[in-house]
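Okay, structure33.tsv is below, TSV, C-alpha atoms:
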chain	number	residue	atom	x	y	z
A	278	MET	CA	-2.43	-0.77	-30.23
A	279	ASP	CA	1.21	-1.92	-30.02
A	280	VAL	CA	0.32	-5.11	-28.14
A	281	THR	CA	0.76	-8.64	-29.48
A	282	PHE	CA	-2.03	-11.08	-28.60
A	283	ASP	CA	-1.39	-14.81	-28.78
A	284	GLU	CA	-3.18	-17.32	-31.01
A	285	ARG	CA	-6.09	-17.33	-28.54
A	286	GLY	CA	-6.36	-13.56	-28.71
A	287	LEU	CA	-4.99	-13.14	-25.18
A	288	VAL	CA	-2.15	-11.28	-23.51
A	289	PRO	CA	-0.88	-11.86	-19.93
A	290	VAL	CA	-1.51	-9.02	-17.48
A	291	ILE	CA	0.54	-8.37	-14.35
A	292	THR	CA	-1.41	-6.27	-11.86
A	293	GLN	CA	0.63	-4.07	-9.53
A	294	ASP	CA	-0.26	-1.74	-6.67
A	295	ALA	CA	0.42	1.73	-8.06
A	296	ASP	CA	1.47	3.12	-4.69
A	297	SER	CA	3.64	0.37	-3.21
A	298	GLY	CA	4.80	-1.52	-6.30
A	299	GLU	CA	3.48	-4.77	-4.81
A	300	VAL	CA	2.54	-7.40	-7.41
A	301	LEU	CA	-1.09	-8.32	-6.77
A	302	MET	CA	-2.05	-10.90	-9.38
A	303	LEU	CA	-1.57	-12.35	-12.86
A	304	ALA	CA	-4.46	-12.66	-15.29
A	305	TYR	CA	-5.20	-12.46	-19.01
A	306	ALA	CA	-6.93	-9.94	-21.23
A	307	ASN	CA	-8.24	-9.88	-24.77
A	308	ARG	CA	-8.73	-6.78	-26.92
A	309	GLU	CA	-12.18	-6.18	-25.50
A	310	ALA	CA	-10.88	-6.33	-21.92
A	311	VAL	CA	-8.06	-3.91	-22.68
A	312	ALA	CA	-10.45	-1.51	-24.41
A	313	ALA	CA	-12.87	-1.67	-21.46
A	314	THR	CA	-10.02	-1.05	-19.04
A	315	LEU	CA	-8.86	2.01	-20.96
A	316	GLN	CA	-12.39	3.36	-21.27
A	317	THR	CA	-13.62	2.83	-17.69
A	318	LYS	CA	-10.30	3.04	-15.78
A	319	GLU	CA	-11.36	-0.15	-13.97
A	320	ALA	CA	-9.45	-3.40	-14.44
A	321	HIS	CA	-11.09	-5.81	-16.89
A	322	TYR	CA	-9.78	-9.27	-17.76
A	323	PHE	CA	-10.74	-12.31	-19.80
A	324	SER	CA	-11.58	-15.49	-17.90
A	325	ARG	CA	-10.07	-18.48	-19.68
A	326	SER	CA	-12.18	-20.92	-17.65
A	327	ARG	CA	-15.50	-19.18	-18.36
A	328	GLY	CA	-14.53	-17.82	-21.76
A	329	ALA	CA	-15.93	-14.41	-20.84
A	330	LEU	CA	-14.96	-10.83	-20.09
A	331	TRP	CA	-14.98	-9.89	-16.40
A	332	ARG	CA	-14.41	-6.76	-14.34
A	333	LYS	CA	-12.36	-7.20	-11.18
A	334	GLY	CA	-14.63	-6.84	-8.16
A	335	GLU	CA	-17.95	-7.16	-10.00
A	336	THR	CA	-19.10	-9.73	-7.44
A	337	SER	CA	-16.74	-9.21	-4.48
A	338	GLY	CA	-16.62	-5.43	-4.58
A	339	HIS	CA	-12.80	-5.58	-4.51
A	340	ARG	CA	-12.35	-3.32	-7.50
A	341	GLN	CA	-9.16	-2.10	-9.11
A	342	GLN	CA	-8.94	1.53	-10.20
A	343	VAL	CA	-6.42	1.62	-13.03
A	344	ILE	CA	-3.92	4.46	-12.70
A	345	GLU	CA	-1.76	3.48	-15.64
A	346	LEU	CA	-1.55	0.75	-18.25
A	347	ARG	CA	1.88	-0.19	-19.60
A	348	TYR	CA	3.19	-2.77	-22.04
A	349	ASP	CA	6.62	-4.40	-22.04
A	350	CYS	CA	9.51	-3.98	-24.48
A	351	ASP	CA	8.29	-6.84	-26.72
A	352	GLY	CA	4.67	-5.74	-26.57
A	353	ASP	CA	3.51	-9.20	-25.47
A	354	ALA	CA	2.65	-8.49	-21.81
A	355	LEU	CA	0.70	-5.77	-20.02
A	356	LEU	CA	1.09	-4.11	-16.65
A	357	TYR	CA	-1.97	-2.69	-14.88
A	358	ARG	CA	-0.94	-0.22	-12.17
A	359	VAL	CA	-3.95	-0.02	-9.87
A	360	ARG	CA	-5.37	1.15	-6.58
A	361	GLN	CA	-6.89	-1.93	-5.01
A	362	THR	CA	-10.05	-1.97	-2.91
A	363	GLY	CA	-9.86	-4.87	-0.46
A	364	PRO	CA	-7.85	-8.03	-1.19
A	365	ALA	CA	-6.84	-8.89	-4.74
A	366	CYS	CA	-6.72	-12.66	-4.18
A	367	HIS	CA	-9.82	-14.86	-4.01
A	368	THR	CA	-8.34	-16.43	-0.83
A	369	GLY	CA	-8.69	-13.14	0.98
A	370	ALA	CA	-4.97	-12.36	0.83
A	371	ARG	CA	-4.05	-8.90	-0.40
A	372	SER	CA	-1.83	-10.38	-3.13
A	373	CYS	CA	-2.04	-13.71	-4.93
A	374	PHE	CA	1.74	-13.99	-4.45
A	375	TYR	CA	1.73	-14.58	-0.70
A	376	ARG	CA	3.69	-17.87	-0.69
A	377	SER	CA	7.41	-18.43	-1.12
A	378	LEU	CA	9.18	-21.42	-2.67
A	379	GLY	CA	12.37	-20.74	-0.76
A	380	GLY	CA	13.64	-18.43	1.94
A	381	ALA	CA	11.68	-16.26	4.31
A	382	PRO	CA	9.06	-14.00	2.71
A	383	THR	CA	10.17	-10.38	2.53
A	384	ALA	CA	8.47	-7.10	1.77
A	385	SER	CA	9.74	-4.03	-0.05
A	386	LEU	CA	9.88	-0.61	1.58
A	387	GLY	CA	7.09	0.51	-0.72
A	388	GLU	CA	4.85	-2.37	0.37
A	389	MET	CA	5.45	-1.70	4.04
A	390	LEU	CA	4.89	2.05	3.70
A	391	ALA	CA	1.63	1.40	1.87
A	392	LEU	CA	0.56	-1.01	4.63
A	393	LEU	CA	1.61	1.49	7.30
A	394	GLU	CA	-0.39	4.25	5.63
A	395	ARG	CA	-3.49	2.06	5.42
A	396	VAL	CA	-3.24	1.12	9.11
A	397	VAL	CA	-2.65	4.73	10.22
A	398	ALA	CA	-5.54	5.98	8.07
A	399	GLU	CA	-7.81	3.31	9.59
A	400	ARG	CA	-6.77	4.25	13.13
A	401	LEU	CA	-7.38	7.96	12.49
A	402	ARG	CA	-10.76	7.19	10.94
A	403	GLU	CA	-11.99	4.84	13.66
A	404	LEU	CA	-9.96	6.12	16.66
A	405	PRO	CA	-10.03	2.77	18.54
A	406	GLU	CA	-9.58	2.96	22.29
A	407	GLY	CA	-6.10	2.00	23.45
A	408	SER	CA	-4.44	2.73	20.11
A	409	TYR	CA	-1.18	4.71	20.18
A	410	VAL	CA	-2.28	6.58	17.04
A	411	THR	CA	-5.56	7.50	18.76
A	412	ARG	CA	-3.70	8.77	21.83
A	413	LEU	CA	-1.22	10.79	19.78
A	414	HIS	CA	-4.03	12.24	17.67
A	415	GLY	CA	-5.79	13.35	20.83
A	416	GLN	CA	-2.72	15.34	21.87
A	417	GLY	CA	-2.99	17.55	18.81
A	418	LEU	CA	-1.07	18.23	15.61
A	419	GLY	CA	1.69	20.07	17.46
A	420	ARG	CA	2.52	16.97	19.49
A	421	VAL	CA	2.59	14.82	16.36
A	422	ALA	CA	4.99	17.27	14.72
A	423	GLN	CA	7.13	17.31	17.86
A	424	LYS	CA	7.36	13.50	17.78
A	425	VAL	CA	8.68	13.66	14.21
A	426	ILE	CA	11.37	16.10	15.33
A	427	GLU	CA	12.26	13.84	18.28
A	428	GLU	CA	12.48	10.72	16.10
A	429	ALA	CA	14.58	12.55	13.49
A	430	GLY	CA	16.99	13.61	16.22
A	431	GLU	CA	17.19	10.11	17.65
A	432	SER	CA	17.89	8.74	14.17
A	433	ALA	CA	20.73	11.24	13.69
A	434	ILE	CA	22.20	10.39	17.10
A	435	ALA	CA	21.98	6.67	16.38
A	436	ALA	CA	23.80	7.16	13.07
A	437	LEU	CA	26.63	8.94	14.88
A	438	GLN	CA	26.82	6.92	18.10
A	439	GLU	CA	24.80	3.68	17.89
A	440	PRO	CA	24.55	2.66	14.22
A	441	ARG	CA	23.02	-0.70	15.21
A	442	GLU	CA	20.00	1.24	16.52
A	443	LEU	CA	19.61	3.29	13.34
A	444	VAL	CA	17.23	0.82	11.68
A	445	SER	CA	14.85	0.90	14.64
A	446	GLU	CA	15.01	4.69	14.97
A	447	ALA	CA	14.47	5.15	11.22
A	448	ALA	CA	11.39	2.91	11.42
A	449	ASP	CA	10.05	5.06	14.27
A	450	LEU	CA	10.69	8.19	12.20
A	451	LEU	CA	8.81	6.83	9.17
A	452	PHE	CA	5.94	5.75	11.40
A	453	HIS	CA	5.50	9.17	12.99
A	454	LEU	CA	6.04	10.99	9.70
A	455	THR	CA	3.25	8.90	8.18
A	456	ILE	CA	0.93	9.91	11.02
A	457	LEU	CA	1.83	13.58	10.50
A	458	LEU	CA	1.18	13.37	6.77
A	459	ARG	CA	-2.20	11.69	7.29
A	460	GLU	CA	-3.14	14.26	9.93
A	461	ARG	CA	-2.57	16.96	7.30
A	462	GLY	CA	-4.35	15.03	4.56
A	463	VAL	CA	-1.18	14.35	2.58
A	464	ALA	CA	-0.83	10.92	0.96
A	465	LEU	CA	2.50	9.15	0.66
A	466	GLN	CA	1.84	9.00	-3.08
A	467	GLU	CA	2.13	12.80	-3.20
A	468	VAL	CA	5.60	12.52	-1.69
A	469	ALA	CA	6.47	9.81	-4.23
A	470	ASP	CA	5.19	12.04	-7.05
A	471	GLU	CA	7.37	14.93	-5.82
A	472	LEU	CA	10.44	12.69	-5.72
A	473	HIS	CA	9.65	11.40	-9.20
A	474	LYS	CA	9.28	14.95	-10.51
A	475	ARG	CA	12.64	15.90	-9.04
A	476	HIS	CA	14.25	12.84	-10.61
A	477	GLN	CA	12.79	13.72	-14.01
A	478	GLN	CA	14.15	17.27	-13.69
A	479	ARG	CA	17.74	16.17	-13.06
A	480	PRO	CA	20.10	17.67	-15.63
A	481	ALA	CA	21.64	15.19	-18.03
A	482	HIS	CA	25.41	14.66	-17.64

Take the structure in the file and write it out as structure tokens.
Amino acid sequence: MDVTFDERGLVPVITQDADSGEVLMLAYANREAVAATLQTKEAHYFSRSRGALWRKGETSGHRQQVIELRYDCDGDALLYRVRQTGPACHTGARSCFYRSLGGAPTASLGEMLALLERVVAERLRELPEGSYVTRLHGQGLGRVAQKVIEEAGESAIAALQEPRELVSEAADLLFHLTILLRERGVALQEVADELHKRHQQRPAH
């Protein structure tokens, strides 16, 4: 294992949402925790306060399915890329990094798309009364597809005529495209994987 553990036998672990790239938490692992993580594909850490191995979610149920485990260029830090069940933070927040020392908190496109997908999936699963997603779903797949076409057209028109409106129209397009994908059982991660594959296949210049 090309990982350097400190004098206590520990290595810091950054835990990241595999789909959105959102940083969820920082913890520590020893060799046993890393081995358990690799074997079970569930995130294991070492509690410095209790001096014991622990599996994320063993009491709360908020488990972390590990998609990939990486180590940094110096081999002295790990990155767990996970799919999180429920909040990652003990406060109930999705991420432990929900406070800002300066400036207004911001979110990446990946974080917002992941949140959007979760909300849309929940609406389609529960179909709450009064929800726009519920209403659109009730009109059938053809209507959902038509809305994507409409929003794409409005985005193109905004780019040509009203560029100040382009941000709003693009947000509407992503929203309706997410609904269409979920209606067809396609996850945003599949789209990300396709883009990644295309990037990897680019010819070298």

Contact residues around Ala464 of chain A with all atoms listed in the file at 9 Å, ignoring same-chain residues under 4 positions, as an NGL selection string: :A and (394 or 455 or 458-459 or 468)

Give me, as a list of chain:residue names, all polymer residues having an atom no more than 8 Å from segment 370-386 of chain A, counting all atoms listed in the file and skipping those fewer than 2 positions away in the same chain. A:Ser297, A:Glu299, A:Val300, A:Leu301, A:Met302, A:Gly363, A:Pro364, A:Ala365, A:Cys366, A:His367, A:Thr368, A:Glu388, A:Met389, A:Leu390

Output file for the residues above (C-alpha atoms, as a PDB file, keeping the file's coordinate frame):
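Below you can see part_21.pdb, which holds the result:
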ATOM      1  CA  SER A 297       3.640   0.370  -3.210  1.00  0.00           C
ATOM      2  CA  GLU A 299       3.480  -4.770  -4.810  1.00  0.00           C
ATOM      3  CA  VAL A 300       2.540  -7.400  -7.410  1.00  0.00           C
ATOM      4  CA  LEU A 301      -1.090  -8.320  -6.770  1.00  0.00           C
ATOM      5  CA  MET A 302      -2.050 -10.900  -9.380  1.00  0.00           C
ATOM      6  CA  GLY A 363      -9.860  -4.870  -0.460  1.00  0.00           C
ATOM      7  CA  PRO A 364      -7.850  -8.030  -1.190  1.00  0.00           C
ATOM      8  CA  ALA A 365      -6.840  -8.890  -4.740  1.00  0.00           C
ATOM      9  CA  CYS A 366      -6.720 -12.660  -4.180  1.00  0.00           C
ATOM     10  CA  HIS A 367      -9.820 -14.860  -4.010  1.00  0.00           C
ATOM     11  CA  THR A 368      -8.340 -16.430  -0.830  1.00  0.00           C
ATOM     12  CA  GLU A 388       4.850  -2.370   0.370  1.00  0.00           C
ATOM     13  CA  MET A 389       5.450  -1.700   4.040  1.00  0.00           C
ATOM     14  CA  LEU A 390       4.890   2.050   3.700  1.00  0.00           C
TER      15      LEU A 390
END

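Distances from A:Ala448, A:Leu457, A:Ala433, A:Ile291 to Leu355 of chain A were compared using all atoms listed in the file, and the smallest one belongs to A:Ile291.
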
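Distance-wise, atom CA of Ile344 of chain A and atom CA of Leu450 of chain A end up 29.1 Å apart.
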
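Take atom CA of Leu346 of chain A and atom CA of Leu315 of chain A: the distance between them is 7.9 Å.
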
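With distances taken over all atoms listed in the file, A:Gly298 is the one residue among A:Gly338, A:Pro440, A:Gly298, A:Gly415 lying closest to Tyr357 of chain A.
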
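Counting from atom CA of Ala447 of chain A, the distance to atom CA of Ala429 of chain A is 7.7 Å.
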
Return the single residue from A:Glu460, A:His476, A:Ala320, A:Trp331 that is closest to Gly419 of chain A, with distances computed using all atoms listed in the file. A:Glu460

Give me the residues within 6 Å of Ala310 of chain A as a PyMOL selection string, counting only C-alpha atoms and dropping any in the same chain fewer than 4 places off. chain A and resi 306+321-322

How big is the axis-aligned box around the listed atoms of segment 344-355 of chain A once 8 Å is added on each side, and where is its centre? Give both in Å to one decimal, as lines of an AutoDock Vina configuration file.
center_x = 2.8
center_y = -2.4
center_z = -19.7
size_x = 29.4
size_y = 29.7
size_z = 30.0

Do you know which residues are at most 12 Å from Glu399 of chain A counting all atoms listed in the file, after dropping those on the same chain fewer than 2 positions away, and could you put them as a PyMOL selection string? chain A and resi 392-397+401-405+408+410-411+456+459-460

Which polymer residues have any atom within 9 Å of an atom of Thr281 of chain A, counting all atoms listed in the file, with same-chain residues fewer than 3 positions away left out, as a list in words? Met278, Gly286, Leu287, Val288, Asp351, Gly352, Asp353 and Ala354 of chain A

Given all atoms listed in the file as the basis, pick out the residue of A:Leu418, A:Leu413, A:Leu443, A:Ile434 nearest to Arg461 of chain A. A:Leu418
